[in-house]
file target_34.txt (compact mmCIF, C-alpha atoms)
# COMPACT_ATOMS: atom_id res chain seq x y z
CA ARG A 15 -40.17 37.14 22.91
CA LEU A 16 -38.31 39.50 25.21
CA LYS A 17 -37.77 36.83 27.84
CA SER A 18 -34.87 34.43 27.45
CA SER A 19 -34.92 31.09 29.27
CA ASN A 20 -31.51 30.12 27.88
CA ILE A 21 -28.57 29.83 30.24
CA ILE A 22 -25.65 31.55 28.50
CA PRO A 23 -22.25 30.41 29.79
CA ASN A 24 -19.17 32.58 29.39
CA LEU A 25 -21.19 35.71 28.67
CA ASP A 26 -21.27 38.59 31.11
CA LYS A 27 -24.66 40.31 31.19
CA ASN A 28 -22.85 43.65 31.40
CA ASP A 29 -21.41 42.98 27.92
CA ILE A 30 -24.90 42.93 26.40
CA LYS A 31 -25.75 46.26 24.82
CA ASN A 32 -29.52 45.96 25.26
CA THR A 33 -31.12 43.03 27.09
CA TYR A 34 -34.51 43.42 25.35
CA ILE A 35 -33.01 43.50 21.85
CA PHE A 36 -30.57 40.70 22.68
CA ASN A 37 -33.34 38.40 23.97
CA SER A 38 -35.57 39.09 20.96
CA LEU A 39 -32.70 38.34 18.54
CA GLN A 40 -31.96 35.13 20.42
CA SER A 41 -35.57 34.03 20.14
CA LEU A 42 -35.38 34.52 16.36
CA LYS A 43 -32.05 32.70 16.00
CA PRO A 44 -31.57 30.51 19.11
CA ASP A 45 -28.75 28.47 17.53
CA LEU A 46 -26.46 31.45 16.93
CA ASP A 47 -23.49 32.13 19.18
CA PRO A 48 -24.78 34.67 21.77
CA ASN A 49 -21.52 36.60 21.50
CA ILE A 50 -22.41 37.46 17.90
CA LEU A 51 -25.70 39.02 18.99
CA LYS A 52 -24.68 40.97 22.07
CA ASP A 53 -23.84 44.19 20.16
CA LYS A 54 -26.16 43.88 17.13
CA SER A 55 -29.00 46.28 16.50
CA LEU A 56 -32.39 45.03 15.37
CA GLN A 57 -31.92 46.51 11.89
CA GLU A 58 -28.48 44.94 11.40
CA PHE A 59 -29.79 41.57 12.52
CA LEU A 60 -32.82 41.60 10.20
CA GLU A 61 -30.77 42.71 7.19
CA GLU A 62 -28.18 39.98 7.78
CA TYR A 63 -30.32 37.00 8.77
CA PHE A 64 -33.73 37.87 7.30
CA PRO A 65 -33.02 39.77 4.06
CA LEU A 66 -35.99 41.00 2.07
CA GLN A 67 -37.42 38.62 -0.53
CA LYS A 68 -38.84 39.57 -3.94
CA ASP A 69 -41.95 38.23 -5.63
CA ASN A 70 -42.34 37.14 -9.26
CA ASN A 71 -42.72 40.77 -10.34
CA ASN A 72 -39.42 41.69 -8.69
CA ARG A 73 -41.18 43.65 -5.96
CA GLU A 74 -40.02 43.48 -2.37
CA MET A 75 -42.33 41.33 -0.27
CA GLN A 76 -43.79 42.50 3.02
CA GLN A 77 -41.89 41.44 6.13
CA LEU A 78 -43.73 40.91 9.41
CA LEU A 79 -42.12 40.79 12.85
CA ILE A 80 -44.38 39.84 15.78
CA TYR A 81 -43.45 40.54 19.40
CA ASP A 82 -45.51 38.14 21.48
CA GLN A 83 -46.04 38.89 25.20
CA LEU A 84 -44.60 42.39 24.99
CA GLU A 85 -45.61 42.84 28.63
CA GLU A 86 -42.35 41.04 29.48
CA ILE A 87 -40.55 44.34 28.83
CA PHE A 88 -42.10 45.61 32.07
CA ASP A 89 -41.22 42.48 34.06
CA ILE A 90 -37.57 42.11 33.04
CA LEU A 91 -35.46 44.68 34.86
CA PRO A 92 -31.78 44.96 33.96
CA ARG A 93 -29.81 47.46 36.04
CA ASN A 94 -30.27 50.38 33.63
CA TRP A 95 -33.75 49.29 32.54
CA LYS A 96 -35.04 52.84 31.89
CA GLU A 97 -32.37 53.59 29.30
CA GLN A 98 -32.55 50.11 27.77
CA ARG A 99 -36.33 50.25 27.47
CA LYS A 100 -36.19 53.57 25.59
CA GLU A 101 -33.38 52.27 23.39
CA PHE A 102 -35.47 49.21 22.53
CA PHE A 103 -38.29 51.35 21.11
CA LYS A 104 -35.78 53.59 19.32
CA GLU A 105 -34.37 50.52 17.56
CA ILE A 106 -37.90 49.48 16.61
CA VAL A 107 -38.43 52.90 14.97
CA GLN A 108 -35.03 52.74 13.26
CA ALA A 109 -35.79 49.34 11.75
CA LEU A 110 -39.24 50.49 10.54
CA ASN A 111 -37.80 53.65 8.94
CA ASN A 112 -34.93 51.90 7.14
CA ILE A 113 -36.60 48.63 6.12
CA ILE A 114 -39.65 49.95 4.28
CA PRO A 115 -41.57 46.64 3.76
CA LEU A 116 -41.16 45.78 7.46
CA GLN A 117 -44.20 45.79 9.73
CA ILE A 118 -44.08 45.09 13.46
CA VAL A 119 -46.98 43.79 15.57
CA PHE A 120 -47.00 44.03 19.35
CA ILE A 121 -49.08 41.50 21.31
CA ILE A 122 -49.57 42.60 24.90
CA ARG A 123 -51.91 41.80 27.77
CA GLU A 124 -54.63 44.37 28.24
CA ASP A 125 -53.68 45.15 31.84
CA TYR A 126 -50.21 46.26 30.63
CA LEU A 127 -51.44 48.43 27.76
CA ALA A 128 -51.45 51.69 29.74
CA GLN A 129 -47.76 51.22 30.56
CA LEU A 130 -46.96 51.65 26.86
CA ASP A 131 -48.31 55.22 26.86
CA PRO A 132 -44.97 56.89 27.79
CA TYR A 133 -43.41 55.33 24.66
CA SER A 134 -46.30 55.79 22.22
CA ASN A 135 -45.07 59.18 20.96
CA MET A 136 -41.81 57.55 19.87
CA LEU A 137 -43.57 55.04 17.62
CA PRO A 138 -45.14 55.52 14.17
CA GLU A 139 -48.87 56.30 14.34
CA LYS A 140 -48.53 56.45 18.13
CA LEU A 141 -49.88 52.89 18.57
CA ARG A 142 -53.34 53.97 17.37
CA PRO A 143 -53.97 50.97 15.07
CA ARG A 144 -54.90 48.26 17.54
CA PHE A 145 -57.16 45.23 17.81
CA ARG A 146 -58.54 43.88 21.07
CA LEU A 147 -58.51 40.09 21.26
CA GLU A 148 -60.64 39.09 24.22
CA ARG A 149 -60.05 35.92 26.18
CA LEU A 150 -62.29 32.96 25.43
CA ARG A 151 -65.80 33.44 26.81
CA ALA A 152 -68.65 30.90 26.91
CA ASP A 153 -70.33 32.11 23.70
CA SER A 154 -67.08 31.99 21.76
CA ALA A 155 -66.28 28.55 23.16
CA LEU A 156 -69.68 27.23 22.05
CA LEU A 157 -69.08 28.68 18.59
CA ALA A 158 -65.62 27.08 18.46
CA ILE A 159 -67.17 23.67 19.20
CA ARG A 160 -70.26 23.85 17.01
CA GLY A 161 -68.56 25.34 13.95
CA PRO A 162 -66.49 22.26 13.02
CA LEU A 163 -69.50 19.98 13.65
CA LYS A 164 -70.98 21.18 10.36
CA ASN A 165 -68.50 18.91 8.57
CA VAL A 166 -69.20 15.68 10.50
CA PRO A 167 -71.36 12.79 9.18
CA LYS A 168 -75.04 13.67 9.28
CA ASP A 169 -76.14 10.43 10.94
CA ILE A 170 -74.29 11.34 14.15
CA ILE A 171 -75.67 14.87 14.25
CA GLN A 172 -79.25 13.95 13.35
CA ASN A 173 -79.61 10.89 15.58
CA TYR A 174 -77.91 12.41 18.61
CA LYS A 175 -78.34 16.16 18.14
CA GLY A 176 -80.03 16.79 21.49
CA ASP A 177 -77.44 14.77 23.41
CA ILE A 178 -74.52 16.41 21.58
CA ASP A 179 -75.90 19.87 22.41
CA ASN A 180 -76.23 18.87 26.07
CA ASP A 181 -72.67 17.55 26.07
CA ILE A 182 -71.33 20.78 24.57
CA LYS A 183 -73.13 22.95 27.13
CA ASN A 184 -71.92 20.69 29.94
CA ILE A 185 -68.30 20.91 28.76
CA VAL A 186 -68.35 24.72 28.57
CA HIS A 187 -70.10 25.05 31.93
CA GLU A 188 -67.67 22.66 33.66
CA LEU A 189 -64.58 24.40 32.25
CA MET A 190 -65.70 27.74 33.66
CA LYS A 191 -65.74 26.53 37.27
CA ILE A 192 -63.04 27.86 39.60
CA GLN A 193 -62.36 27.71 43.33
CA ILE A 194 -62.08 31.01 45.23
CA GLU A 195 -61.25 31.81 48.85
CA TYR A 196 -63.89 34.31 49.99
CA LEU A 197 -62.78 34.25 53.66
CA PRO A 198 -59.53 32.99 55.24
CA GLY A 199 -59.71 29.20 55.05
CA LYS A 200 -63.15 29.16 53.39
CA THR A 201 -63.55 28.44 49.69
CA GLU A 202 -66.41 28.37 47.24
CA GLN A 203 -66.83 27.18 43.64
CA ILE A 204 -68.06 29.83 41.20
CA ASP A 205 -68.28 30.34 37.43
CA ASP A 206 -65.40 32.31 35.93
CA GLU A 207 -65.73 34.69 32.97
CA PHE A 208 -63.26 32.85 30.77
CA ILE A 209 -62.20 29.40 29.60
CA GLU A 210 -58.63 28.21 29.08
CA PRO A 211 -58.38 27.31 25.35
CA ILE A 212 -55.87 24.46 25.87
CA HIS A 213 -58.26 22.80 28.36
CA LEU A 214 -61.13 23.12 25.89
CA GLN A 215 -58.96 21.43 23.27
CA VAL A 216 -57.95 18.59 25.62
CA VAL A 217 -61.54 17.88 26.72
CA LEU A 218 -62.99 18.07 23.22
CA LYS A 219 -60.37 15.71 21.81
CA ARG A 220 -61.40 13.06 24.32
CA TRP A 221 -65.13 13.85 23.85
CA TRP A 222 -64.93 13.56 20.07
CA LYS A 223 -63.39 10.09 20.31
CA LYS A 224 -66.37 9.00 22.39
CA VAL A 225 -68.91 10.59 20.04
CA THR A 226 -67.45 8.94 16.93
CA ASN A 227 -66.95 5.55 18.61
CA PRO A 228 -70.08 3.39 18.11
CA ASN A 229 -69.25 1.34 21.21
CA SER A 230 -69.59 4.43 23.40
CA ARG A 231 -73.23 5.06 22.41
CA LEU A 232 -76.15 3.52 24.27
CA VAL A 233 -78.24 3.06 21.13
CA LYS A 234 -81.21 1.52 22.93
CA GLN A 235 -81.56 4.52 25.18
CA ASN A 236 -80.69 6.89 22.31
CA ILE A 237 -78.13 8.82 24.37
CA ILE A 238 -74.39 9.43 24.39
CA HIS A 239 -72.30 9.18 27.55
CA ILE A 240 -71.78 12.63 29.00
CA SER A 241 -68.15 13.71 28.66
CA ASP A 242 -66.29 13.72 31.97
CA VAL A 243 -64.38 17.00 32.02
CA ASP A 244 -62.48 16.16 35.21
CA THR A 245 -61.29 12.85 33.75
CA ALA A 246 -60.01 14.59 30.61
CA LEU A 247 -58.10 17.13 32.72
CA GLU A 248 -56.74 14.33 34.92
CA GLU A 249 -55.32 12.72 31.78
CA PHE A 250 -53.86 16.12 30.80
CA TYR A 251 -52.15 16.32 34.22
CA GLU A 252 -50.91 12.72 34.03
CA ASP A 253 -49.50 13.27 30.53
CA ALA A 254 -47.56 16.31 31.78
CA ILE A 255 -46.04 14.57 34.82
CA ASN A 256 -45.24 11.43 32.80
CA ASP A 257 -43.04 13.60 30.59
CA VAL A 258 -41.23 14.84 33.70
CA ILE A 259 -40.86 11.27 35.04
CA ASN A 260 -39.44 9.95 31.76
CA LYS A 261 -37.07 12.83 31.07
CA GLY A 262 -36.08 13.64 34.63
CA LYS A 263 -35.79 10.05 35.91
CA ILE A 264 -37.61 10.89 39.14
CA LYS A 265 -40.18 8.97 41.14
CA GLU A 266 -43.82 9.41 40.29
CA SER A 267 -44.65 9.84 43.98
CA TYR A 268 -42.26 12.83 44.15
CA ILE A 269 -43.63 14.78 41.20
CA ARG A 270 -47.24 14.12 42.23
CA ARG A 271 -46.54 15.30 45.76
CA TRP A 272 -44.63 18.34 44.44
CA CYS A 273 -47.56 19.43 42.27
CA GLU A 274 -50.12 19.07 45.04
CA GLU A 275 -48.06 20.62 47.83
CA ASN A 276 -46.48 23.48 45.85
CA LEU A 277 -49.04 24.47 43.22
CA ILE A 278 -52.14 24.19 45.43
CA THR A 279 -52.72 25.96 48.75
CA GLN A 280 -54.04 24.20 51.85
CA THR A 281 -57.47 25.74 51.20
CA GLY A 282 -57.60 24.34 47.65
CA THR A 283 -56.75 27.43 45.61
CA ARG A 284 -53.91 28.15 43.19
CA SER A 285 -50.48 28.84 44.70
CA ILE A 286 -47.26 30.28 43.25
CA VAL A 287 -43.73 28.85 43.38
CA TYR A 288 -40.49 30.81 43.25
CA LYS A 289 -38.40 29.56 40.34
CA GLY A 290 -34.91 30.59 41.35
CA LEU A 291 -32.16 28.16 42.22
CA ASP A 292 -32.95 24.51 41.52
CA SER A 293 -33.14 23.76 45.21
CA THR A 294 -35.53 26.64 45.91
CA ALA A 295 -38.59 25.22 44.20
CA GLY A 296 -37.80 21.63 45.21
CA LEU A 297 -37.79 20.60 41.56
CA LYS A 298 -35.08 21.24 38.99
CA ASN A 299 -35.82 24.15 36.69
CA ASP A 300 -35.45 22.05 33.54
CA LEU A 301 -38.24 19.78 34.85
CA ILE A 302 -40.42 22.79 35.67
CA ASP A 303 -39.79 23.93 32.09
CA ILE A 304 -41.25 20.62 30.85
CA LEU A 305 -44.47 21.32 32.74
CA GLN A 306 -44.49 24.78 31.20
CA GLN A 307 -43.98 23.41 27.68
CA LYS A 308 -46.97 21.12 28.24
CA TYR A 309 -49.07 24.21 29.13
CA PHE A 310 -49.64 22.74 32.58
CA ILE A 311 -48.04 25.67 34.41
CA LYS A 312 -47.17 29.20 33.36
CA GLU A 313 -44.33 31.49 34.36
CA ASN A 314 -44.59 35.09 35.57
CA HIS A 315 -41.90 37.70 36.19
CA ARG A 316 -42.16 39.91 39.25
CA ALA A 317 -39.46 42.41 40.20
CA GLY A 318 -37.00 40.49 38.03
CA ALA A 319 -37.69 37.17 39.77
CA ARG A 320 -39.40 34.19 38.10
CA TRP A 321 -42.50 32.56 39.56
CA CYS A 322 -44.66 29.73 38.26
CA GLU A 323 -48.26 28.66 38.89
CA LEU A 324 -50.92 26.38 37.47
CA GLY A 325 -52.17 27.32 34.03
CA HIS A 326 -55.73 27.61 35.38
CA ASP A 327 -57.70 27.10 38.61
CA ARG A 328 -59.73 24.40 36.84
CA LEU A 329 -56.75 22.01 37.19
CA ILE A 330 -56.86 21.93 41.00
CA LYS A 331 -59.63 19.36 41.42
CA PRO A 332 -58.27 16.96 38.73
CA ILE A 333 -54.79 17.03 40.33
CA ILE A 334 -56.10 16.13 43.78
CA SER A 335 -58.45 13.47 42.37
CA SER A 336 -55.75 11.87 40.22
CA ASN A 337 -53.31 11.78 43.16
CA GLN A 338 -55.90 10.13 45.42
CA LYS A 339 -56.65 7.46 42.81
CA TRP A 340 -52.93 6.82 42.34
CA LYS A 341 -52.35 6.45 46.10
CA LYS A 342 -55.23 3.96 46.40
CA GLU A 343 -53.82 1.96 43.50
CA GLN A 344 -50.39 1.87 45.17
CA GLN A 345 -51.93 0.68 48.45
CA LYS A 346 -53.80 -2.05 46.56
CA ARG A 347 -50.57 -3.25 44.97
CA LYS A 348 -48.84 -3.37 48.34
CA LYS A 349 -51.64 -5.44 49.84
CA SER A 350 -51.71 -7.68 46.77
CA ASN A 351 -47.97 -8.31 47.03
CA ILE A 352 -48.29 -9.24 50.70
CA VAL A 353 -51.24 -11.57 50.04
CA LYS A 354 -49.44 -13.28 47.15
CA ILE A 355 -46.60 -14.49 49.34
CA SER A 356 -48.42 -14.82 52.69
CA ILE A 357 -49.07 -18.56 52.24
CA PRO A 358 -45.43 -19.40 51.34
CA ILE A 359 -44.29 -17.30 54.33
CA ILE A 360 -46.60 -19.14 56.73
CA ILE A 361 -45.34 -22.47 55.39
CA SER A 362 -41.73 -21.28 55.76
CA ILE A 363 -42.33 -20.26 59.36
CA ILE A 364 -43.85 -23.64 60.16
CA VAL A 365 -40.93 -25.46 58.51
CA ILE A 366 -38.35 -23.35 60.38
CA PHE A 367 -39.96 -23.98 63.75
CA VAL A 368 -40.26 -27.69 63.02
CA ILE A 369 -36.54 -27.78 62.17
CA PHE A 370 -35.60 -25.96 65.36
CA GLU A 371 -37.89 -28.13 67.41
CA ASN A 372 -36.16 -31.25 66.05
CA LEU A 373 -32.65 -29.80 66.38
CA TYR A 374 -32.95 -28.40 69.87
CA LEU A 375 -35.69 -30.70 71.21
CA ILE A 376 -37.84 -27.71 72.18
CA PRO A 377 -41.09 -28.73 73.76
CA PRO A 378 -44.26 -27.29 72.25
CA VAL A 379 -44.95 -23.76 73.50
CA GLU A 380 -47.65 -21.20 72.94
CA SER A 381 -47.36 -18.98 69.84
CA PHE A 382 -46.89 -15.23 70.14
CA SER A 383 -47.41 -12.20 67.87
CA VAL A 384 -44.44 -10.78 65.95
CA GLY A 385 -46.36 -8.04 64.17
CA ASP A 386 -49.12 -7.49 61.67
CA ARG A 387 -48.72 -9.90 58.72
CA PRO A 388 -45.10 -11.12 59.05
CA TYR A 389 -43.49 -11.02 55.61
CA ILE A 390 -39.98 -12.55 55.22
CA LEU A 391 -37.75 -14.31 57.74
CA SER A 392 -34.07 -15.17 57.87
CA VAL A 393 -32.12 -17.41 60.29
CA ASP A 394 -28.67 -16.87 61.75
CA GLN A 395 -27.38 -20.45 62.01
CA ASN A 396 -24.59 -19.53 64.44
CA SER A 397 -26.71 -17.72 66.99
CA GLY A 398 -30.03 -19.43 66.31
CA LEU A 399 -31.76 -16.04 66.02
CA VAL A 400 -34.69 -15.65 63.61
CA TYR A 401 -35.35 -12.25 61.99
CA VAL A 402 -38.90 -11.54 60.73
CA THR A 403 -39.90 -8.42 58.74
CA ASN A 404 -43.23 -6.70 59.44
CA PRO A 405 -43.76 -4.23 56.55
CA LYS A 406 -47.02 -2.86 57.80
CA LEU A 407 -45.50 -1.86 61.17
CA ASP A 408 -42.08 -0.85 59.77
CA THR A 409 -40.38 -3.27 62.21
CA ILE A 410 -38.11 -6.33 62.31
CA SER A 411 -38.82 -8.90 65.05
CA VAL A 412 -35.84 -10.78 66.53
CA ILE A 413 -36.72 -14.25 67.91
CA ASP A 414 -34.56 -16.64 69.92
CA GLY A 415 -35.07 -19.82 67.90
CA LYS A 416 -33.74 -22.06 70.67
CA LYS A 417 -36.06 -20.73 73.38
CA ASN A 418 -38.85 -19.54 71.06
CA ASP A 419 -38.81 -16.14 72.78
CA LEU A 420 -39.27 -12.68 71.23
CA VAL A 421 -35.95 -10.98 72.01
CA LYS A 422 -36.69 -7.48 70.70
CA THR A 423 -38.43 -5.46 67.98
CA ILE A 424 -36.29 -3.17 65.78
CA LYS A 425 -37.97 -0.05 64.33
CA VAL A 426 -36.98 0.65 60.71
CA ALA A 427 -38.36 2.85 57.90
CA ASP A 428 -40.19 2.50 54.61
CA GLU A 429 -41.77 -0.95 54.93
CA PRO A 430 -38.94 -3.52 55.21
CA LEU A 431 -39.46 -6.47 52.89
CA ASP A 432 -36.71 -9.02 52.32
CA ILE A 433 -33.97 -9.68 54.91
CA VAL A 434 -30.64 -11.50 54.84
CA VAL A 435 -28.33 -12.41 57.76
CA ASN A 436 -24.54 -12.55 57.51
CA SER A 437 -23.49 -15.17 60.09
CA GLN A 438 -19.81 -14.18 59.90
CA ASN A 439 -20.23 -10.62 61.14
CA ASN A 440 -23.65 -11.07 62.79
CA LEU A 441 -25.21 -8.28 60.68
CA CYS A 442 -28.63 -8.33 58.99
CA TYR A 443 -29.57 -6.45 55.83
CA ALA A 444 -33.16 -5.48 54.98
CA SER A 445 -34.52 -4.17 51.68
CA LYS A 446 -37.32 -1.61 51.77
CA TYR A 447 -40.35 -0.97 49.57
CA LYS A 448 -39.77 2.70 48.72

call {"tool": "encode", "arguments": {"input": "target_34.txt", "output": "structure tokens"}}
result
Amino acid sequence: RLKSSNIIPNLDKNDIKNTYIFNSLQSLKPDLDPNILKDKSLQEFLEEYFPLQKDNNNREMQQLLIYDQLEEIFDILPRNWKEQRKEFFKEIVQALNNIIPLQIVFIIREDYLAQLDPYSNMLPEKLRPRFRLERLRADSALLAIRGPLKNVPKDIIQNYKGDIDNDIKNIVHELMKIQIEYLPGKTEQIDDEFIEPIHLQVVLKRWWKKVTNPNSRLVKQNIIHISDVDTALEEFYEDAINDVINKGKIKESYIRRWCEENLITQTGTRSIVYKGLDSTAGLKNDLIDILQQKYFIKENHRAGARWCELGHDRLIKPIISSNQKWKKEQQKRKKSNIVKISIPIIISIIVIFVIFENLYLIPPVESFSVGDRPYILSVDQNSGLVYVTNPKLDTISVIDGKKNDLVKTIKVADEPLDIVVNSQNNLCYASKYK
């Protein structure tokens, strides 16, 4: 690779002879001291760290060097990028001429291929030997699924052949759907030309477990449950953010909100995020890198700057759906927690008022509202004030226990739960849910 994601301390970029060569050497030997590589040529590096091997007949074996994503050479722009770019290809030629068994393969996106033309005359055979590897289309995806099925037990294929074929077609069709904005603020779902291979792998892994699990088949009806593509991609999303949560020690609510608000536009299409300083993207770069390693997002270089976006438009719907389900589950838990302790709280309130009635000989008075579902109360024995938390309204009610009057309502944040009163300094302390 020509892109380096490593942060190199104590190394001035101006000391690096050629950024493209330096980054490619680093990708081959990431554990080496960068200062060793800053002046090395490609030929020197290969001869020192990857010397030629000989076969049993004492003949030198072929050596293959693959440059993946060569288009990065047009996205990374050091100050003297024109000279460095030419020097990079010169070093390629030098290595090929002096290390005879060496062969070099360039892998580049098709839309960047024309930009190689100015350098083709410098290279052996002028880049004429080439092979076009097209992105994954529907026919190829169907072939990729059906091919391995030849090796599965015959009883599954024979008994459920029609249903398996329907499942396969459904999976491919669903993975091709994308959301486009055809007018400002107006979107439409259409079929794309291509399928993201990693998504096909994720969905098929889940589908195959269901096909080979006898409990998932409705034998009486002679059908197999149709694979839910969205559910598989939701699990893919949840697996990626769980890695970020565990390694970054951040709240699940934060990373879910970050993904939905930064990677998806308000109209429901794919957005891009500037990956500069940690504070710029709202998420630390090392955590964004985790999402990239999970193939959830991808990084692009534009004018020397780094940007990231979702790996595919097909992830938009699963992200939104998963977040909505998670929010509903959180709301359920909150309600459940309140219900669990509502009876003890009611009993506590009754006991407190009975105690105050006996202590201060307060005649019976009419009850009054202190909020929606009062949660926890605390009593200041010196002042006789009663403090009651109302999580649903984000308030704390202050009651005069001697007169049974509502003194005031204090507005707080984030659903106050438990509360404690310090009688010595007349201060109250409330814990919150979030």

call {"tool": "residues_around", "arguments": {"input": "target_34.txt", "residues": "Asp205 in chain A", "least_positions_apart": "3", "cutoff": "7 Å", "atoms": "all atoms listed in the file", "output": "PyMOL selection string"}}
result
chain A and resi 190-192

call {"tool": "closest_residue", "arguments": {"input": "target_34.txt", "among": "A:Ile80, A:Ala109, A:Leu150, A:Val412", "to": "Ile122 in chain A", "atoms": "all atoms listed in the file"}}
result
A:Ile80

call {"tool": "residues_near_point", "arguments": {"input": "target_34.txt", "point": "(-59.1, 19.5, 30.6)", "cutoff": "9 Å", "atoms": "only C-alpha atoms", "output": "PyMOL selection string"}}
result
chain A and resi 189+210+212-218+243-251+328-329+332

call {"tool": "write_last_selection", "arguments": {"input": "target_34.txt", "atoms": "C-alpha atoms", "output": "JSON list (two decimals), in the coordinates of the input"}}
result
[["chain", "number", "residue", "atom", "x", "y", "z"],
["A", 189, "LEU", "CA", -64.58, 24.40, 32.25],
["A", 210, "GLU", "CA", -58.63, 28.21, 29.08],
["A", 212, "ILE", "CA", -55.87, 24.46, 25.87],
["A", 213, "HIS", "CA", -58.26, 22.80, 28.36],
["A", 214, "LEU", "CA", -61.13, 23.12, 25.89],
["A", 215, "GLN", "CA", -58.96, 21.43, 23.27],
["A", 216, "VAL", "CA", -57.95, 18.59, 25.62],
["A", 217, "VAL", "CA", -61.54, 17.88, 26.72],
["A", 218, "LEU", "CA", -62.99, 18.07, 23.22],
["A", 243, "VAL", "CA", -64.38, 17.00, 32.02],
["A", 244, "ASP", "CA", -62.48, 16.16, 35.21],
["A", 245, "THR", "CA", -61.29, 12.85, 33.75],
["A", 246, "ALA", "CA", -60.01, 14.59, 30.61],
["A", 247, "LEU", "CA", -58.10, 17.13, 32.72],
["A", 248, "GLU", "CA", -56.74, 14.33, 34.92],
["A", 249, "GLU", "CA", -55.32, 12.72, 31.78],
["A", 250, "PHE", "CA", -53.86, 16.12, 30.80],
["A", 251, "TYR", "CA", -52.15, 16.32, 34.22],
["A", 328, "ARG", "CA", -59.73, 24.40, 36.84],
["A", 329, "LEU", "CA", -56.75, 22.01, 37.19],
["A", 332, "PRO", "CA", -58.27, 16.96, 38.73]]

call {"tool": "atom_distance", "arguments": {"input": "target_34.txt", "atom1": "CA of Arg144 in chain A", "atom2": "CA of Leu127 in chain A"}}
result
10.8 Å

call {"tool": "atom_distance", "arguments": {"input": "target_34.txt", "atom1": "CA of Ala254 in chain A", "atom2": "CA of Thr283 in chain A"}}
result
20.0 Å

call {"tool": "atom_distance", "arguments": {"input": "target_34.txt", "atom1": "CA of Asn276 in chain A", "atom2": "CA of Lys339 in chain A"}}
result
19.2 Å

call {"tool": "closest_residue", "arguments": {"input": "target_34.txt", "among": "A:Lys349, A:Lys298, A:Lys425, A:Lys52", "to": "Ile264 in chain A", "atoms": "all atoms listed in the file"}}
result
A:Lys298
